[in-house]
$ cat work39.cif   # mmCIF, C-alpha atoms and all ligand atoms
data_coords
loop_
_atom_site.label_atom_id
_atom_site.label_comp_id
_atom_site.auth_asym_id
_atom_site.auth_seq_id
_atom_site.Cartn_x
_atom_site.Cartn_y
_atom_site.Cartn_z
CA MET A 3 -2.94 -11.18 15.98
CA ILE A 4 -3.06 -11.62 12.22
CA MET A 5 -5.21 -9.30 10.11
CA ILE A 6 -6.46 -11.07 7.00
CA SER A 7 -8.63 -10.32 3.97
CA ALA A 8 -11.96 -11.89 4.98
CA CYS A 9 -12.56 -13.40 1.53
CA LEU A 10 -9.47 -15.61 2.03
CA LEU A 11 -11.20 -17.20 5.01
CA GLY A 12 -14.33 -17.87 2.96
CA LYS A 13 -16.47 -14.83 3.61
CA ASN A 14 -18.65 -14.05 0.61
CA CYS A 15 -17.51 -10.43 0.38
CA LYS A 16 -15.91 -10.57 -3.07
CA TYR A 17 -17.31 -8.17 -5.68
CA SER A 18 -19.03 -11.09 -7.37
CA GLY A 19 -20.68 -12.23 -4.14
CA GLY A 20 -18.32 -15.20 -3.82
CA ASN A 21 -15.08 -15.60 -1.89
CA ASN A 22 -11.41 -16.49 -2.28
CA GLU A 23 -11.32 -19.27 0.30
CA ASN A 24 -7.79 -20.54 0.74
CA PRO A 25 -7.77 -23.93 2.51
CA CYS A 26 -3.98 -23.94 3.06
CA LEU A 27 -4.14 -20.56 4.76
CA ILE A 28 -7.15 -21.57 6.85
CA ASP A 29 -5.26 -24.66 8.01
CA LEU A 30 -2.11 -22.65 8.75
CA LEU A 31 -4.06 -20.18 10.87
CA LYS A 32 -6.51 -22.54 12.55
CA ASP A 33 -5.10 -22.08 16.06
CA LYS A 34 -4.06 -18.45 15.60
CA LYS A 35 -5.84 -15.28 16.59
CA THR A 36 -7.05 -13.54 13.45
CA LEU A 37 -8.92 -10.37 12.56
CA PRO A 38 -10.73 -10.79 9.20
CA VAL A 39 -11.51 -7.53 7.39
CA CYS A 40 -13.05 -6.56 4.08
CA PRO A 41 -12.15 -2.93 3.38
CA GLU A 42 -14.64 -2.60 0.56
CA GLU A 43 -17.57 -3.69 2.71
CA LEU A 44 -16.24 -1.47 5.52
CA GLY A 45 -16.39 1.34 2.96
CA SER A 46 -20.15 0.69 2.70
CA LEU A 47 -19.92 -0.83 -0.76
CA PRO A 48 -22.57 -3.48 -1.44
CA THR A 49 -21.89 -7.14 -2.16
CA PRO A 50 -22.14 -8.03 -4.96
CA ARG A 51 -20.80 -4.85 -6.51
CA PRO A 52 -19.31 -3.86 -9.86
CA PRO A 53 -15.61 -4.76 -10.24
CA ALA A 54 -13.31 -1.79 -9.73
CA GLU A 55 -9.67 -1.08 -10.54
CA ILE A 56 -7.16 1.67 -9.81
CA ILE A 57 -6.84 3.78 -12.95
CA LYS A 58 -3.26 4.71 -13.88
CA GLY A 59 -1.67 4.26 -10.51
CA ASN A 60 -1.41 2.28 -7.30
CA GLY A 61 -2.70 2.52 -3.76
CA TYR A 62 -0.19 5.21 -2.77
CA ASP A 63 -1.24 7.30 -5.77
CA VAL A 64 -4.87 7.02 -4.63
CA LEU A 65 -3.92 8.06 -1.09
CA HIS A 66 -2.14 11.12 -2.48
CA GLY A 67 -4.95 12.11 -4.83
CA LEU A 68 -2.98 11.15 -7.94
CA ALA A 69 -5.19 8.27 -9.12
CA ARG A 70 -8.83 7.25 -8.86
CA ILE A 71 -10.59 3.92 -8.44
CA CYS A 72 -13.35 3.33 -10.95
CA THR A 73 -15.80 0.61 -11.88
CA LYS A 74 -15.82 -0.89 -15.34
CA ASP A 75 -18.69 1.39 -16.37
CA GLY A 76 -16.79 4.47 -15.23
CA GLY A 77 -18.32 5.03 -11.79
CA ASP A 78 -15.88 6.67 -9.38
CA VAL A 79 -15.72 4.68 -6.11
CA THR A 80 -12.53 6.23 -4.76
CA GLU A 81 -14.13 7.77 -1.68
CA SER A 82 -15.74 4.47 -0.64
CA PHE A 83 -12.41 2.66 -1.01
CA LEU A 84 -10.66 5.34 1.05
CA LYS A 85 -13.36 5.15 3.74
CA GLY A 86 -12.92 1.37 3.96
CA ALA A 87 -9.15 1.59 4.06
CA GLU A 88 -9.34 4.14 6.88
CA ALA A 89 -11.70 1.84 8.80
CA VAL A 90 -9.19 -1.00 8.48
CA LYS A 91 -6.42 1.34 9.58
CA LYS A 92 -8.37 2.16 12.76
CA LEU A 93 -8.85 -1.56 13.45
CA ALA A 94 -5.13 -2.13 12.93
CA GLN A 95 -4.34 0.66 15.38
CA SER A 96 -6.66 -0.75 18.04
CA HIS A 97 -5.52 -4.37 17.87
CA PRO A 98 -2.08 -5.96 18.38
CA ILE A 99 -1.55 -6.78 14.71
CA ASN A 100 1.85 -8.27 13.97
CA LEU A 101 1.16 -9.43 10.41
CA ALA A 102 -1.43 -8.79 7.69
CA ILE A 103 -2.23 -11.33 4.96
CA MET A 104 -4.09 -9.61 2.13
CA LYS A 105 -5.60 -10.79 -1.16
CA GLU A 106 -3.29 -10.28 -4.11
CA ARG A 107 -4.42 -8.17 -7.10
CA SER A 108 -7.30 -6.41 -5.34
CA PRO A 109 -7.41 -2.59 -5.63
CA SER A 110 -7.89 -2.57 -1.85
CA CYS A 111 -5.86 -5.55 -0.65
CA GLY A 112 -3.24 -6.21 -3.37
CA VAL A 113 0.30 -6.46 -2.00
CA CYS A 114 2.71 -6.96 -4.92
CA LYS A 115 0.43 -6.64 -7.95
CA ILE A 116 -2.87 -5.08 -8.91
CA TYR A 117 -4.98 -5.04 -12.05
CA ASP A 118 -3.80 -2.42 -14.47
CA GLY A 119 -6.97 -0.35 -14.75
CA THR A 120 -8.01 -1.61 -18.18
CA PHE A 121 -10.35 -4.39 -16.95
CA SER A 122 -8.52 -6.79 -19.26
CA GLY A 123 -7.18 -9.13 -16.57
CA LYS A 124 -3.65 -7.74 -16.91
CA THR A 125 -1.70 -6.98 -13.76
CA ILE A 126 1.06 -4.52 -12.95
CA PRO A 127 3.41 -4.29 -9.98
CA GLY A 128 1.72 -2.28 -7.25
CA LEU A 129 -0.35 -2.43 -4.11
CA GLY A 130 -3.92 -1.66 -3.10
CA VAL A 131 -5.04 1.37 -1.15
CA CYS A 132 -5.74 -0.49 2.12
CA THR A 133 -2.41 -2.29 1.96
CA ALA A 134 -0.67 1.06 1.43
CA LEU A 135 -2.19 2.39 4.67
CA LEU A 136 -1.24 -0.76 6.60
CA LYS A 137 2.34 -0.51 5.36
CA ASP A 138 2.43 3.14 6.39
CA LEU A 139 1.62 1.95 9.92
CA GLY A 140 4.72 -0.23 9.79
CA ILE A 141 2.78 -3.49 9.64
CA THR A 142 4.35 -6.37 7.74
CA VAL A 143 1.96 -7.19 4.89
CA ILE A 144 2.13 -10.32 2.76
CA SER A 145 -0.33 -11.87 0.32
CA GLU A 146 -1.69 -15.40 0.11
CA GLU A 147 0.85 -15.93 -2.68
CA SER A 148 3.91 -14.77 -0.73
CA PRO A 149 6.56 -17.32 0.21
CA LEU A 150 6.50 -18.21 3.91
CA SER A 151 9.99 -17.15 4.91
CA PRO A 152 11.36 -18.06 8.36
CA GLU A 153 10.66 -14.47 9.47
CA ILE A 154 7.01 -14.71 8.40
CA LEU A 155 6.58 -18.12 10.03
CA THR A 156 7.94 -16.61 13.25
CA LEU A 157 5.36 -13.80 13.08
CA ILE A 158 2.60 -16.37 12.54
CA LYS A 159 3.86 -18.48 15.42
CA GLU A 160 3.87 -15.41 17.66
CA SER A 161 0.15 -15.03 16.93
CA GLU A 162 -0.64 -18.25 18.76
CA SER A 163 -2.96 -17.63 21.65
CA SER A 164 -5.43 -19.29 23.92
CA TYR A 165 -8.21 -17.29 22.33
CA PRO A 166 -10.57 -19.14 19.98
CA PHE A 167 -10.14 -18.63 16.25
CA ILE A 168 -12.10 -15.48 15.43
CA ASN A 169 -14.26 -16.01 12.39
CA GLY A 170 -17.16 -13.74 13.18
CA PHE A 171 -16.08 -11.37 10.42
CA SER A 172 -16.52 -7.65 10.60
FE1 LIG A 201 -11.38 -9.67 -0.33
FE2 LIG A 201 -10.16 -7.37 0.09
FE3 LIG A 201 -11.82 -7.62 -1.96
FE4 LIG A 201 -12.82 -7.58 0.52
S1 LIG A 201 -11.75 -5.91 -0.52
S2 LIG A 201 -13.37 -9.03 -1.11
S3 LIG A 201 -11.22 -8.64 1.65
S4 LIG A 201 -9.89 -8.71 -1.67
#
$ encode --input "work39.cif" --output "structure tokens" --more "lines below"
Ligand code: SF4
Amino acid sequence: MIMISACLLGKNCKYSGGNNENPCLIDLLKDKKTLPVCPEELGSLPTPRPPAEIIKGNGYDVLHGLARICTKDGGDVTESFLKGAEAVKKLAQSHPINLAIMKERSPSCGVCKIYDGTFSGKTIPGLGVCTALLKDLGITVISEESPLSPEILTLIKESESSYPFINGFS
């Protein structure tokens, strides 16, 4: 089963109220068993919501209490992000997840880069807080921008099942 950021499948859970629908990914996964998640909504944050970024750090720093996640107007939403990431972790532990595909640059879902905390659109190398927890579980995590290596294609192929495509969203 493939865990995936719900916004990539078209769920309107993005901070702006929109989504990050990725038609290529949807086509690639159309006969695969998927588990769409939005950690920020699972953290009880509303949609739409103010944009937030990790300030001076990455997802691991947040997990270890070394960085906070704040909105542009200075509101501290760290606890909500941690709550959502923990909820996703529980889902990952209770489902046979063999790959996670998460939205690049998000403070929750980013895999290789995140916004730098200045709300200027600049990115830095780093990962989001939910992705950090998934990696700690030993799950292979890629983003929608990652190259599809033979190893990744094998993991996707192994997610084929007779179950219908799950798009009920959490
Ligand atoms: Fe998408 Fe993740 Fe942001 Fe939810 S938290 S909108 S799944 S990038």
$ closest_residue --input "work39.cif" --among "A:Cys9, A:Ile144, A:Leu37, A:Val79" --to "Arg51 in chain A" --atoms "all atoms listed in the file"
A:Val79
$ closest_atom_pairs --input "work39.cif" --of "chain A" --to "ligand LIG 201 (chain A)" --cutoff "8 Å" --atoms "only C-alpha atoms and all ligand atoms" --output "CSV"
residue,atom,partner,partner_atom,distance
A:Ile6,CA,A:LIG201,S3,7.6
A:Ser7,CA,A:LIG201,S3,3.9
A:Ala8,CA,A:LIG201,S3,4.7
A:Cys9,CA,A:LIG201,FE1,4.3
A:Leu10,CA,A:LIG201,FE1,6.7
A:Asn14,CA,A:LIG201,S2,7.5
A:Cys15,CA,A:LIG201,S2,4.6
A:Lys16,CA,A:LIG201,S2,3.6
A:Tyr17,CA,A:LIG201,S2,6.1
A:Asn21,CA,A:LIG201,S2,6.8
A:Asn22,CA,A:LIG201,FE1,7.1
A:Pro38,CA,A:LIG201,S3,7.9
A:Val39,CA,A:LIG201,S3,5.9
A:Cys40,CA,A:LIG201,S3,3.7
A:Pro41,CA,A:LIG201,S1,4.9
A:Glu42,CA,A:LIG201,S1,4.5
A:Glu43,CA,A:LIG201,FE4,6.5
A:Met104,CA,A:LIG201,FE2,6.8
A:Lys105,CA,A:LIG201,S4,4.8
A:Glu106,CA,A:LIG201,S4,7.2
A:Arg107,CA,A:LIG201,S4,7.7
A:Ser108,CA,A:LIG201,S4,5.0
A:Pro109,CA,A:LIG201,S1,7.5
A:Ser110,CA,A:LIG201,S1,5.3
A:Cys111,CA,A:LIG201,FE2,4.7
A:Gly112,CA,A:LIG201,S4,7.3
$ atom_distance --input "work39.cif" --atom1 "CA of Ile4 in chain A" --atom2 "CA of Glu147 in chain A"
16.0 Å
$ residues_around --input "work39.cif" --residues "range 66-78 of chain A" --least-positions-apart "4" --cutoff "8 Å" --atoms "only C-alpha atoms" --output "count of residues only"
13
$ axis_aligned_box --input "work39.cif" --around "range 88-96 of chain A" --padding-each-side "4 Å" --output "JSON"
{"center_x": -8.0, "center_y": 1.0, "center_z": 12.5, "size_x": 15.4, "size_y": 14.3, "size_z": 19.2}
$ closest_residue --input "work39.cif" --among "A:Glu162, A:Ser46, A:Ile126, A:Leu11" --to "Asp29 in chain A" --atoms "only C-alpha atoms"
A:Leu11
